[in-house]
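Below is protein-v5.cif, holding mmCIF, C-alpha atoms.
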```cif
data_entry
loop_
_atom_site.label_atom_id
_atom_site.label_comp_id
_atom_site.auth_asym_id
_atom_site.auth_seq_id
_atom_site.Cartn_x
_atom_site.Cartn_y
_atom_site.Cartn_z
CA MET A 145 -10.48 5.54 16.85
CA ILE A 146 -12.91 3.74 19.14
CA ASP A 147 -12.87 5.62 22.39
CA LYS A 148 -16.39 6.16 23.51
CA ASN A 149 -17.96 2.71 23.70
CA HIS A 150 -16.26 0.50 26.24
CA ASN A 151 -18.20 -2.66 25.33
CA LEU A 152 -17.51 -2.21 21.64
CA TRP A 153 -13.81 -1.64 22.33
CA ASN A 154 -13.70 -4.84 24.40
CA LEU A 155 -15.34 -6.81 21.62
CA LEU A 156 -12.84 -5.49 19.09
CA SER A 157 -9.90 -6.27 21.37
CA GLN A 158 -11.11 -9.79 22.07
CA ASN A 159 -11.77 -10.69 18.46
CA SER A 160 -8.94 -8.97 16.58
CA VAL A 161 -5.75 -10.80 15.63
CA PRO A 162 -3.33 -10.23 18.54
CA ASN A 163 -0.48 -7.83 17.85
CA SER A 164 -1.78 -6.90 14.42
CA LYS A 165 -1.15 -3.30 13.43
CA GLN A 166 -4.77 -2.73 12.53
CA LYS A 167 -6.65 0.45 13.08
CA TRP A 168 -10.36 0.29 13.75
CA ILE A 169 -12.35 3.36 12.84
CA ASP A 170 -15.89 3.76 14.08
CA LEU A 171 -17.61 5.79 11.39
CA ALA A 172 -20.28 6.86 13.86
CA GLN A 173 -17.65 8.57 16.01
CA THR A 174 -15.03 9.73 13.53
CA LYS A 175 -15.00 12.27 10.76
CA ILE A 176 -13.25 10.90 7.69
CA GLN A 177 -10.17 12.96 6.96
CA GLU A 178 -7.84 11.01 4.74
CA PRO A 179 -7.78 7.99 2.40
CA PHE A 180 -7.58 4.63 4.13
CA ASN A 181 -5.10 1.81 3.63
CA GLN A 182 -5.24 -1.98 3.88
CA SER A 183 -4.68 -2.05 7.62
CA VAL A 184 -7.70 0.11 8.39
CA ILE A 185 -10.99 -1.62 9.20
CA LEU A 186 -14.05 0.59 9.18
CA LEU A 187 -16.92 -0.07 11.53
CA GLY A 188 -20.27 1.09 10.21
CA GLN A 189 -23.77 1.09 11.56
CA GLN A 190 -26.77 0.62 9.29
CA LEU A 191 -24.94 2.01 6.28
CA ALA A 192 -26.87 1.40 3.08
CA PRO A 193 -25.06 -0.34 0.20
CA GLN A 194 -24.70 2.92 -1.72
CA LYS A 195 -22.96 4.57 1.24
CA VAL A 196 -20.68 1.56 1.66
CA LEU A 197 -19.62 1.80 -1.98
CA GLN A 198 -19.07 5.52 -1.64
CA LEU A 199 -16.58 4.91 1.19
CA PHE A 200 -14.64 2.50 -0.99
CA ILE A 201 -14.65 4.76 -4.05
CA GLU A 202 -14.07 8.15 -2.45
CA HIS A 203 -11.92 7.22 0.52
CA ASN A 204 -10.05 4.15 -0.70
CA ALA A 205 -11.53 1.85 1.94
CA PHE A 206 -10.45 -1.81 1.99
CA HIS A 207 -12.48 -3.30 4.82
CA LEU A 208 -15.86 -2.42 6.26
CA VAL A 209 -17.77 -4.33 8.91
CA GLN A 210 -21.17 -3.31 10.19
CA GLN A 211 -22.60 -3.62 13.66
CA ASN A 212 -25.08 -6.42 13.09
CA LYS A 213 -25.73 -7.45 16.67
CA ASP A 214 -25.79 -11.23 16.30
CA PHE A 215 -22.75 -11.49 14.05
CA LEU A 216 -20.43 -8.72 15.18
CA ASP A 217 -17.83 -10.78 17.06
CA GLN A 218 -17.57 -13.25 14.18
CA ASP A 219 -17.44 -10.46 11.58
CA VAL A 220 -14.71 -8.67 13.52
CA ARG A 221 -12.62 -11.86 13.73
CA PHE A 222 -13.08 -12.44 10.01
CA ALA A 223 -12.17 -8.89 9.04
CA SER A 224 -9.16 -8.79 11.34
CA LEU A 225 -7.68 -11.98 9.91
CA LEU A 226 -8.46 -10.94 6.36
CA ALA A 227 -6.70 -7.60 6.83
CA HIS A 228 -3.77 -9.05 8.77
CA GLU A 229 -3.10 -12.22 6.77
CA PRO A 230 -4.71 -11.95 3.33
CA LYS A 231 -2.61 -14.84 2.03
CA LYS A 232 -4.73 -17.18 4.15
CA TYR A 233 -7.77 -16.03 2.20
CA PHE A 234 -6.15 -16.86 -1.15
CA ASP A 235 -4.98 -20.20 0.25
CA LYS A 236 -8.64 -20.87 1.12
CA LYS A 237 -7.75 -21.64 4.72
CA PHE A 238 -11.38 -21.14 5.70
CA SER A 239 -10.96 -23.09 8.94
CA GLU A 240 -8.75 -20.23 10.16
CA PHE A 241 -11.52 -17.76 9.50
CA PHE A 242 -14.32 -19.80 11.06
CA SER A 243 -14.04 -21.94 14.18
CA ASP A 244 -17.33 -23.77 13.62
CA ILE A 245 -17.19 -25.20 10.10
CA GLN A 246 -19.74 -27.99 9.75
CA LYS A 247 -18.93 -29.05 6.22
CA LYS A 248 -17.15 -27.92 3.08
CA SER A 249 -16.87 -28.94 -0.55
CA SER A 250 -15.18 -27.81 -3.74
CA PHE A 251 -16.05 -28.35 -7.39
CA SER A 252 -14.02 -27.61 -10.51
CA PHE A 253 -15.50 -26.39 -13.76
CA SER A 254 -14.29 -25.04 -17.07
CA ARG A 255 -17.11 -25.47 -19.58
CA GLU A 256 -20.38 -23.68 -20.18
CA ASN A 257 -22.54 -26.79 -19.79
CA GLU A 258 -21.46 -27.53 -16.23
CA LYS A 259 -23.74 -25.09 -14.45
CA GLU A 260 -26.63 -27.52 -13.90
CA ALA A 261 -24.28 -29.99 -12.25
CA LEU A 262 -22.91 -27.23 -10.01
CA VAL A 263 -26.43 -26.18 -9.04
CA ARG A 264 -27.28 -29.78 -8.12
CA GLU A 265 -24.11 -30.04 -6.03
CA MET A 266 -24.98 -26.87 -4.19
CA GLU A 267 -28.57 -27.98 -3.60
CA SER A 268 -27.26 -31.24 -2.15
CA PHE A 269 -24.84 -29.32 0.04
CA LEU A 270 -27.67 -27.22 1.49
CA ASP A 271 -30.27 -28.79 3.75
CA ALA A 272 -33.83 -29.39 2.59
CA SER A 273 -34.97 -27.59 5.75
CA ASP A 274 -32.93 -24.46 5.02
CA PRO A 275 -35.01 -21.30 4.69
CA LEU A 276 -36.08 -20.14 1.24
CA SER A 277 -34.06 -16.95 1.71
CA LEU A 278 -30.83 -18.96 1.85
CA LYS A 279 -31.68 -21.18 -1.11
CA GLU A 280 -32.76 -18.28 -3.29
CA SER A 281 -29.71 -16.18 -2.48
CA ALA A 282 -27.30 -19.09 -2.88
CA ARG A 283 -28.71 -19.78 -6.34
CA ALA A 284 -28.60 -16.13 -7.40
CA ILE A 285 -24.99 -15.78 -6.24
CA LEU A 286 -23.87 -19.03 -7.85
CA GLU A 287 -25.36 -17.88 -11.17
CA GLU A 288 -23.33 -14.66 -11.14
CA LEU A 289 -20.08 -16.21 -9.86
CA TYR A 290 -20.28 -18.93 -12.48
CA MET A 291 -20.86 -16.48 -15.33
CA ASN A 292 -18.10 -14.18 -14.13
CA ALA A 293 -15.54 -16.98 -13.88
CA LEU A 294 -16.43 -18.66 -17.14
CA LEU A 295 -17.28 -15.73 -19.40
CA SER A 296 -16.24 -12.35 -18.00
CA ALA A 297 -12.89 -13.33 -16.49
CA PRO A 298 -11.31 -14.87 -19.63
CA ARG A 299 -12.63 -11.97 -21.70
CA GLU A 300 -11.06 -9.47 -19.31
CA ALA A 301 -7.83 -11.48 -19.15
CA ALA A 302 -7.57 -11.37 -22.94
CA LYS A 303 -8.14 -7.60 -22.92
CA GLN A 304 -5.37 -7.18 -20.35
CA LYS A 305 -3.11 -9.62 -22.27
CA LEU A 306 -2.51 -11.66 -19.13
CA LYS A 307 -0.52 -14.86 -19.01
CA ASN A 308 -3.66 -17.04 -18.67
CA GLN A 309 -6.52 -16.11 -20.99
CA ASN A 310 -8.62 -19.25 -21.37
CA PHE A 311 -9.46 -22.62 -19.87
CA GLU A 312 -7.09 -24.61 -22.08
CA ASP A 313 -4.14 -26.64 -20.80
CA GLY A 314 -6.11 -28.08 -17.91
CA ARG A 315 -6.92 -24.76 -16.25
CA LYS A 316 -10.15 -24.75 -14.25
CA ALA A 317 -12.24 -22.50 -12.07
CA GLN A 318 -13.37 -23.72 -8.67
CA MET A 319 -16.50 -23.19 -6.62
CA HIS A 320 -16.12 -23.65 -2.85
CA PHE A 321 -18.96 -24.17 -0.39
CA VAL A 322 -18.46 -23.87 3.36
CA ARG A 323 -21.12 -24.12 6.03
CA THR A 324 -20.73 -22.84 9.59
CA LYS A 325 -23.31 -22.63 12.36
CA ASP A 326 -24.44 -19.20 11.17
CA LYS A 327 -23.29 -18.67 7.60
CA PHE A 328 -23.03 -20.28 4.20
CA LEU A 329 -19.95 -19.29 2.24
CA ILE A 330 -19.84 -19.54 -1.51
CA SER A 331 -16.54 -18.69 -3.08
CA CYS A 332 -15.43 -18.78 -6.70
CA GLU A 333 -11.84 -18.92 -7.83
CA ASP A 334 -10.55 -18.47 -11.37
CA PRO A 335 -6.99 -18.83 -12.69
CA PHE A 336 -6.82 -15.47 -14.48
CA GLY A 337 -6.49 -12.74 -11.85
CA ALA A 338 -8.09 -10.18 -14.15
CA LEU A 339 -10.38 -8.59 -11.56
CA ASP A 340 -9.91 -4.87 -11.05
CA PRO A 341 -11.62 -4.30 -7.68
CA LYS A 342 -11.61 -0.50 -7.93
CA LYS A 343 -13.21 -0.59 -11.37
CA LEU A 344 -15.78 -3.11 -10.21
CA LEU A 345 -16.64 -1.11 -7.11
CA ALA A 346 -17.00 2.03 -9.22
CA ARG A 347 -19.38 0.14 -11.49
CA MET A 348 -21.43 -1.06 -8.51
CA HIS A 349 -21.58 2.49 -7.20
CA GLN A 350 -22.91 3.68 -10.56
CA VAL A 351 -25.65 1.05 -10.46
CA TYR A 352 -26.74 2.12 -6.98
CA LEU A 353 -26.48 5.81 -7.85
CA HIS A 354 -28.33 5.82 -11.16
CA GLY A 355 -30.44 2.70 -10.87
CA ALA A 356 -29.95 -0.68 -12.47
CA GLY A 357 -32.34 0.13 -15.29
CA THR A 358 -30.21 3.08 -16.39
CA ALA A 359 -26.83 1.45 -15.77
CA ILE A 360 -27.53 -1.92 -17.39
CA ASN A 361 -25.49 -2.79 -20.49
CA LEU A 362 -28.08 -3.79 -23.06
CA GLU A 363 -25.52 -4.58 -25.76
CA LYS A 364 -24.98 -8.24 -26.65
CA GLU A 365 -21.24 -7.83 -26.10
CA GLY A 366 -20.00 -8.24 -22.52
CA GLY A 367 -21.94 -8.74 -19.33
CA ALA A 368 -24.99 -6.78 -18.24
CA GLY A 369 -22.95 -5.06 -15.51
CA LEU A 370 -25.32 -5.95 -12.69
CA GLY A 371 -23.84 -9.19 -11.43
CA CYS A 372 -21.82 -7.83 -8.53
CA VAL A 373 -24.71 -5.71 -7.29
CA ILE A 374 -26.95 -8.78 -7.40
CA MET A 375 -24.38 -10.71 -5.37
CA PHE A 376 -24.04 -7.87 -2.87
CA GLU A 377 -27.81 -7.64 -2.50
CA HIS A 378 -28.01 -11.35 -1.69
CA SER A 379 -25.07 -11.45 0.73
CA SER A 380 -24.30 -10.22 4.20
CA ASP A 381 -20.59 -10.04 3.27
CA LEU A 382 -18.80 -9.66 -0.06
CA ILE A 383 -15.06 -10.19 -0.46
CA LEU A 384 -13.31 -9.22 -3.70
CA GLY A 385 -9.86 -10.77 -3.87
CA VAL A 386 -7.25 -10.76 -6.61
CA ILE A 387 -3.63 -11.69 -7.17
CA PRO A 388 -3.19 -9.92 -10.52
CA GLY A 389 -2.39 -12.25 -13.38
CA GLN A 390 -2.76 -15.30 -11.14
CA MET A 391 -6.05 -15.70 -9.30
CA THR A 392 -9.35 -14.03 -8.59
CA LEU A 393 -11.24 -15.22 -5.54
CA VAL A 394 -14.67 -13.72 -4.89
CA THR A 395 -16.61 -14.81 -1.81
CA CYS A 396 -20.14 -14.20 -0.57
CA LEU A 397 -21.44 -15.02 2.89
CA ILE A 398 -25.14 -15.64 3.50
CA PRO A 399 -26.72 -16.10 6.94
CA VAL A 400 -28.21 -19.60 7.17
CA ASN A 401 -30.89 -19.27 9.81
CA LEU A 402 -32.67 -16.08 8.85
CA ASN A 403 -35.98 -15.62 7.07
CA TYR A 404 -36.26 -13.08 4.25
CA LYS A 405 -37.12 -10.08 6.39
CA LYS A 406 -34.37 -10.57 8.96
CA LYS A 407 -31.80 -11.22 6.27
CA GLU A 408 -32.81 -8.08 4.36
CA SER A 409 -32.46 -6.06 7.54
CA LEU A 410 -28.76 -6.86 7.94
CA SER A 411 -26.27 -4.20 6.97
CA LYS A 412 -23.57 -5.42 4.61
CA ALA A 413 -19.84 -5.90 5.00
CA LEU A 414 -17.46 -5.37 2.11
CA HIS A 415 -13.79 -6.22 1.70
CA ARG A 416 -11.24 -5.93 -1.06
CA VAL A 417 -8.02 -7.88 -0.83
CA GLU A 418 -5.15 -7.52 -3.25
CA LEU A 419 -1.83 -9.33 -3.16
CA SER A 420 1.13 -8.94 -5.48
CA ALA A 421 1.92 -12.02 -7.55
CA MET B 72 -27.88 -25.59 -21.12
CA SER B 73 -30.65 -23.98 -19.03
CA GLN B 74 -34.08 -25.56 -18.66
CA PHE B 75 -35.90 -22.69 -20.28
CA ASP B 76 -39.10 -22.60 -22.31
CA VAL B 77 -41.69 -20.15 -23.51
CA GLN B 78 -45.17 -21.29 -24.47
CA ILE B 79 -47.29 -18.82 -26.46
CA GLU B 80 -51.02 -19.09 -27.04
CA LYS B 81 -52.01 -16.58 -29.73
CA LEU B 82 -55.59 -15.39 -29.51
CA ASP B 83 -57.21 -12.59 -31.49
CA THR B 84 -56.93 -9.89 -28.87
CA VAL B 85 -54.21 -11.20 -26.59
CA TRP B 86 -51.24 -13.54 -26.51
CA ASN B 87 -50.98 -15.63 -23.35
CA ILE B 88 -47.37 -16.46 -22.62
CA LYS B 89 -46.04 -18.89 -20.05
CA VAL B 90 -42.35 -18.59 -19.19
CA ILE B 91 -40.73 -21.60 -17.57
CA GLY B 92 -37.42 -22.36 -15.93
CA VAL B 93 -34.14 -20.50 -15.74
CA ILE B 94 -33.68 -17.21 -17.56
CA ASP B 95 -29.94 -16.94 -17.98
CA GLU B 96 -27.20 -16.38 -20.56
CA ASP B 97 -28.45 -19.39 -22.52
CA ALA B 98 -32.11 -18.31 -22.65
CA ASN B 99 -32.85 -17.58 -26.30
CA PHE B 100 -35.90 -15.39 -26.78
CA ASP B 101 -35.24 -14.91 -30.52
CA LYS B 102 -37.48 -17.82 -31.45
CA PHE B 103 -40.41 -16.29 -29.54
CA SER B 104 -41.11 -13.13 -31.48
CA LEU B 105 -43.50 -10.64 -29.89
CA VAL B 106 -43.85 -8.57 -33.03
CA GLY B 107 -47.50 -8.02 -33.90
CA ALA B 108 -48.84 -9.01 -30.48
CA PRO B 109 -52.11 -7.16 -29.76
CA ALA B 110 -51.63 -7.47 -26.00
CA LEU B 111 -49.49 -9.68 -23.78
CA LYS B 112 -50.31 -11.61 -20.64
CA LEU B 113 -47.23 -13.24 -19.13
CA PHE B 114 -47.64 -16.02 -16.57
CA LEU B 115 -44.44 -16.29 -14.60
CA LYS B 116 -44.95 -18.59 -11.62
CA GLU B 117 -42.73 -21.29 -13.12
CA VAL B 118 -39.71 -19.03 -13.52
CA VAL B 119 -37.09 -20.54 -11.21
CA THR B 120 -34.41 -17.88 -11.32
CA ILE B 121 -33.09 -15.09 -13.50
CA ASN B 122 -29.49 -13.85 -13.60
CA SER B 123 -28.02 -10.57 -14.82
CA CYS B 124 -27.72 -11.78 -18.41
CA GLY B 125 -31.26 -13.05 -18.24
CA ILE B 126 -32.45 -9.63 -17.08
CA ARG B 127 -30.84 -8.09 -20.16
CA GLU B 128 -32.39 -10.68 -22.49
CA TRP B 129 -35.77 -10.12 -20.88
CA ILE B 130 -35.69 -6.35 -21.31
CA SER B 131 -34.61 -6.69 -24.96
CA TRP B 132 -37.44 -9.15 -25.54
CA MET B 133 -40.05 -6.93 -23.89
CA ASN B 134 -38.85 -3.96 -25.93
CA LYS B 135 -39.94 -5.81 -29.07
CA ALA B 136 -43.56 -5.87 -27.96
CA GLY B 137 -44.09 -2.40 -29.41
CA ALA B 138 -47.29 -0.71 -28.30
CA ALA B 139 -48.90 -3.89 -26.92
CA THR B 140 -50.16 -3.63 -23.35
CA VAL B 141 -48.26 -5.95 -21.06
CA GLU B 142 -49.54 -7.64 -17.91
CA TYR B 143 -47.51 -9.85 -15.60
CA PHE B 144 -49.31 -12.57 -13.65
CA GLN B 145 -48.25 -14.84 -10.79
CA CYS B 146 -44.85 -13.18 -10.42
CA PRO B 147 -42.58 -15.20 -8.13
CA LYS B 148 -40.36 -13.30 -5.69
CA VAL B 149 -37.34 -13.54 -8.02
CA ILE B 150 -39.32 -11.59 -10.63
CA VAL B 151 -40.74 -9.05 -8.16
CA ASP B 152 -37.18 -8.35 -7.02
CA GLN B 153 -36.18 -7.51 -10.61
CA ILE B 154 -39.26 -5.37 -11.19
CA ASN B 155 -38.22 -3.36 -8.14
CA MET B 156 -34.50 -3.26 -8.90
CA VAL B 157 -34.37 -2.75 -12.65
CA GLN B 158 -36.38 0.06 -14.20
CA GLY B 159 -37.65 -1.24 -17.52
CA PHE B 160 -37.95 -4.85 -16.40
CA LEU B 161 -41.66 -4.16 -16.32
CA PRO B 162 -42.31 -2.08 -19.46
CA ALA B 163 -43.58 1.45 -18.90
CA SER B 164 -46.99 0.41 -20.17
CA GLY B 165 -46.96 -2.77 -18.11
CA THR B 166 -48.84 -3.72 -14.95
CA VAL B 167 -48.54 -6.49 -12.41
CA GLN B 168 -51.83 -8.30 -12.01
CA SER B 169 -50.69 -10.81 -9.40
CA PHE B 170 -47.53 -11.69 -7.49
CA PHE B 171 -46.36 -13.90 -4.66
CA VAL B 172 -45.54 -12.63 -1.18
CA PRO B 173 -43.59 -14.76 1.31
CA TYR B 174 -45.09 -15.32 4.77
CA PHE B 175 -43.23 -16.67 7.80
CA SER B 176 -44.20 -18.09 11.20
CA GLU B 177 -41.85 -17.24 14.06
CA GLU B 178 -43.36 -20.04 16.14
CA SER B 179 -42.97 -22.89 13.69
CA SER B 180 -40.56 -21.41 11.09
CA ALA B 181 -43.12 -22.38 8.46
CA GLU B 182 -42.89 -20.54 5.14
CA LYS B 183 -45.62 -19.96 2.57
CA MET B 184 -45.87 -18.05 -0.69
CA ILE B 185 -49.21 -16.27 -0.94
CA LEU B 186 -50.62 -14.91 -4.19
CA PHE B 187 -51.67 -11.28 -4.05
CA THR B 188 -54.07 -10.27 -6.82
CA ALA B 189 -54.80 -6.77 -8.13
CA GLY B 190 -58.12 -5.52 -6.89
CA LYS B 191 -58.14 -7.99 -4.02
CA GLU B 192 -55.01 -7.86 -1.86
CA TYR B 193 -53.79 -4.63 -3.44
CA SER B 194 -55.03 -1.69 -5.43
CA ALA B 195 -54.10 1.92 -6.09
CA ALA B 196 -55.19 2.62 -2.52
CA GLY B 197 -52.63 0.29 -1.00
CA VAL B 198 -52.01 -3.26 0.19
CA THR B 199 -54.52 -5.25 2.27
CA PRO B 200 -52.59 -8.34 3.34
CA PRO B 201 -54.66 -11.41 4.16
CA GLU B 202 -54.30 -13.22 7.48
CA ILE B 203 -52.42 -16.45 6.92
CA LYS B 204 -51.91 -19.19 9.50
CA ASP B 205 -49.44 -22.04 9.69
CA GLU B 206 -50.44 -25.69 10.21
CA SER B 207 -50.66 -25.14 13.98
CA GLY B 208 -52.92 -22.13 13.67
CA ASN B 209 -50.24 -19.52 14.42
CA VAL B 210 -50.67 -16.30 12.55
CA MET B 211 -47.90 -15.80 10.01
CA GLU B 212 -46.34 -12.47 9.09
CA MET B 213 -45.46 -11.07 5.70
CA ASP B 214 -41.80 -11.91 5.32
CA VAL B 215 -40.73 -8.82 3.39
CA LEU B 216 -39.57 -5.27 4.01
CA GLU B 217 -42.80 -3.77 2.82
CA ALA B 218 -41.45 -0.43 1.60
CA LYS B 219 -38.95 -2.29 -0.55
CA TYR B 220 -41.05 -5.23 -1.78
CA PHE B 221 -44.14 -3.21 -2.61
CA LYS B 222 -42.17 -0.30 -4.08
CA PHE B 223 -43.28 -1.12 -7.64
CA LEU B 224 -46.93 -0.65 -6.67
CA LYS B 225 -46.31 3.02 -6.04
CA LYS B 226 -45.14 3.73 -9.59
#
```

Kindly transcribe the structure held in the file into structure tokens.
Amino acid sequence: MIDKNHNLWNLLSQNSVPNSKQKWIDLAQTKIQEPFNQSVILLGQQLAPQKVLQLFIEHNAFHLVQQNKDFLDQDVRFASLLAHEPKKYFDKKFSEFFSDIQKKSSFSFSRENEKEALVREMESFLDASDPLSLKESARAILEELYMNALLSAPREAAKQKLKNQNFEDGRKAQMHFVRTKDKFLISCEDPFGALDPKKLLARMHQVYLHGAGTAINLEKEGGAGLGCVIMFEHSSDLILGVIPGQMTLVTCLIPVNLNYKKKESLSKALHRVELSA
Amino acid sequence: MSQFDVQIEKLDTVWNIKVIGVIDEDANFDKFSLVGAPALKLFLKEVVTINSCGIREWISWMNKAGAATVEYFQCPKVIVDQINMVQGFLPASGTVQSFFVPYFSEESSAEKMILFTAGKEYSAAGVTPPEIKDESGNVMEMDVLEAKYFKFLKK
């Protein structure tokens, strides 16, 4: 528990959801003793991506926020609401997560030839004056989210014999863009709910542990197995959300006003959110 | 469909290859066989982006070059990032002869991509970054985490 840093404790108190039964654990002050649950929010400091994944794999973490100075109060608010009311995440009530939304847009897709149109929509959504780091990361993330929703998700849904297994009968995926003063949110929703967050996190951990060159799937069948790591590398925050058999909602946050070096220096937040159907 | 193209100029001792556009799940390298190439020079500055499927397709394509020496030229940042992240993206026998490095001005927020060339801005001895100024004459800084971005030079 936070007990040694008065300012940090004040920040957590001020930005957490009132009366939520959340437990904040400062990893710099606490020795990990038992697996975590969905109401525990870990607070890290300069943890590398591999260490973040290790916490999720080995200690069943659900939420981790890192002490990035300029974003901490916002990140704490976000994590607290996500842990306390995950349904709001799946309902895409982004205005409850961010108080300073400047604009938002959503686009449906269901066919493989719609990517170029999506890219153009995203480029129009961003500003011409936005830094290259934002544009490059937004494009890289959109590529992976699009492929996952259109190709990997239906394939996985068919393997799991879920109720929805394809984009027939009017089913569509959706890409959501939200811009706040400090962050660009790109979120992709599919109607399958086939994501297995633990399996995905284990895969990401393998990539970080053994290297992407060793872990890559070079077979023609299936994805290359690097997409989520690529998204994590390009984001400051990654949220993996699933209502099994119903919806997968994966979200990446990218800082909007940082050049490459400052963006690379941020430590990453990770969340997994699972709701029963 | 992605806007992807490969242009190959076959000379006696080397094939010059220009890769253009988006390297993704739709990029089809099958029509651009590398079998029999004496040596390969790949010019990459017009690559816009590459996704995880594209990385796989690229590695499979490069693996077909056999014993040919491979040199990458004018690598944009998106390619440098893959060279650093994915072992095998640059074949074991391959070298990077030039690549782009982002520069940034804190004063004006100006951004520039500067080409570093082997033997000039970098060599086996290390990196000698040039001084770059923005339009107002402010000195710009390299906009990378050097240990991470230049990691491939140490291999």

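When only C-alpha atoms are used to measure the gap to Cys146 (chain B), the shortest distance among B:Phe223, B:Phe187, B:Phe170, B:Phe100 belongs to B:Phe170.
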
Distance query Asn181 (chain A) at most 8 Å, all atoms listed in the file, self and fewer than 5 positions along chain excluded, as number ranges by chain: A: 204-206

Pick out the closest residue to Asn122 (chain B) from this set: B:Ala181, B:Glu96, B:Ile91, B:Leu161. Count only C-alpha atoms.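 Residue with the minimum atom-to-atom distance to Asn122 (chain B): B:Glu96.
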
Distance-based interface of chain B with chain A, 12 Å, counting all atoms listed in the file, as an MDAnalysis selection string: chainID B and resid 72:74 93:97 119:132 134 147:150 152:163 172:177 180:184 212:220

Take the residues from that selection and write them out as a PDB file, in the coordinates of the input, keeping C-alpha atoms.
```
ATOM      1  CA  MET B  72     -27.880 -25.590 -21.120  1.00  0.00           C
ATOM      2  CA  SER B  73     -30.650 -23.980 -19.030  1.00  0.00           C
ATOM      3  CA  GLN B  74     -34.080 -25.560 -18.660  1.00  0.00           C
ATOM      4  CA  VAL B  93     -34.140 -20.500 -15.740  1.00  0.00           C
ATOM      5  CA  ILE B  94     -33.680 -17.210 -17.560  1.00  0.00           C
ATOM      6  CA  ASP B  95     -29.940 -16.940 -17.980  1.00  0.00           C
ATOM      7  CA  GLU B  96     -27.200 -16.380 -20.560  1.00  0.00           C
ATOM      8  CA  ASP B  97     -28.450 -19.390 -22.520  1.00  0.00           C
ATOM      9  CA  VAL B 119     -37.090 -20.540 -11.210  1.00  0.00           C
ATOM     10  CA  THR B 120     -34.410 -17.880 -11.320  1.00  0.00           C
ATOM     11  CA  ILE B 121     -33.090 -15.090 -13.500  1.00  0.00           C
ATOM     12  CA  ASN B 122     -29.490 -13.850 -13.600  1.00  0.00           C
ATOM     13  CA  SER B 123     -28.020 -10.570 -14.820  1.00  0.00           C
ATOM     14  CA  CYS B 124     -27.720 -11.780 -18.410  1.00  0.00           C
ATOM     15  CA  GLY B 125     -31.260 -13.050 -18.240  1.00  0.00           C
ATOM     16  CA  ILE B 126     -32.450  -9.630 -17.080  1.00  0.00           C
ATOM     17  CA  ARG B 127     -30.840  -8.090 -20.160  1.00  0.00           C
ATOM     18  CA  GLU B 128     -32.390 -10.680 -22.490  1.00  0.00           C
ATOM     19  CA  TRP B 129     -35.770 -10.120 -20.880  1.00  0.00           C
ATOM     20  CA  ILE B 130     -35.690  -6.350 -21.310  1.00  0.00           C
ATOM     21  CA  SER B 131     -34.610  -6.690 -24.960  1.00  0.00           C
ATOM     22  CA  TRP B 132     -37.440  -9.150 -25.540  1.00  0.00           C
ATOM     23  CA  ASN B 134     -38.850  -3.960 -25.930  1.00  0.00           C
ATOM     24  CA  PRO B 147     -42.580 -15.200  -8.130  1.00  0.00           C
ATOM     25  CA  LYS B 148     -40.360 -13.300  -5.690  1.00  0.00           C
ATOM     26  CA  VAL B 149     -37.340 -13.540  -8.020  1.00  0.00           C
ATOM     27  CA  ILE B 150     -39.320 -11.590 -10.630  1.00  0.00           C
ATOM     28  CA  ASP B 152     -37.180  -8.350  -7.020  1.00  0.00           C
ATOM     29  CA  GLN B 153     -36.180  -7.510 -10.610  1.00  0.00           C
ATOM     30  CA  ILE B 154     -39.260  -5.370 -11.190  1.00  0.00           C
ATOM     31  CA  ASN B 155     -38.220  -3.360  -8.140  1.00  0.00           C
ATOM     32  CA  MET B 156     -34.500  -3.260  -8.900  1.00  0.00           C
ATOM     33  CA  VAL B 157     -34.370  -2.750 -12.650  1.00  0.00           C
ATOM     34  CA  GLN B 158     -36.380   0.060 -14.200  1.00  0.00           C
ATOM     35  CA  GLY B 159     -37.650  -1.240 -17.520  1.00  0.00           C
ATOM     36  CA  PHE B 160     -37.950  -4.850 -16.400  1.00  0.00           C
ATOM     37  CA  LEU B 161     -41.660  -4.160 -16.320  1.00  0.00           C
ATOM     38  CA  PRO B 162     -42.310  -2.080 -19.460  1.00  0.00           C
ATOM     39  CA  ALA B 163     -43.580   1.450 -18.900  1.00  0.00           C
ATOM     40  CA  VAL B 172     -45.540 -12.630  -1.180  1.00  0.00           C
ATOM     41  CA  PRO B 173     -43.590 -14.760   1.310  1.00  0.00           C
ATOM     42  CA  TYR B 174     -45.090 -15.320   4.770  1.00  0.00           C
ATOM     43  CA  PHE B 175     -43.230 -16.670   7.800  1.00  0.00           C
ATOM     44  CA  SER B 176     -44.200 -18.090  11.200  1.00  0.00           C
ATOM     45  CA  GLU B 177     -41.850 -17.240  14.060  1.00  0.00           C
ATOM     46  CA  SER B 180     -40.560 -21.410  11.090  1.00  0.00           C
ATOM     47  CA  ALA B 181     -43.120 -22.380   8.460  1.00  0.00           C
ATOM     48  CA  GLU B 182     -42.890 -20.540   5.140  1.00  0.00           C
ATOM     49  CA  LYS B 183     -45.620 -19.960   2.570  1.00  0.00           C
ATOM     50  CA  MET B 184     -45.870 -18.050  -0.690  1.00  0.00           C
ATOM     51  CA  GLU B 212     -46.340 -12.470   9.090  1.00  0.00           C
ATOM     52  CA  MET B 213     -45.460 -11.070   5.700  1.00  0.00           C
ATOM     53  CA  ASP B 214     -41.800 -11.910   5.320  1.00  0.00           C
ATOM     54  CA  VAL B 215     -40.730  -8.820   3.390  1.00  0.00           C
ATOM     55  CA  LEU B 216     -39.570  -5.270   4.010  1.00  0.00           C
ATOM     56  CA  GLU B 217     -42.800  -3.770   2.820  1.00  0.00           C
ATOM     57  CA  ALA B 218     -41.450  -0.430   1.600  1.00  0.00           C
ATOM     58  CA  LYS B 219     -38.950  -2.290  -0.550  1.00  0.00           C
ATOM     59  CA  TYR B 220     -41.050  -5.230  -1.780  1.00  0.00           C
TER      60      TYR B 220
END
```
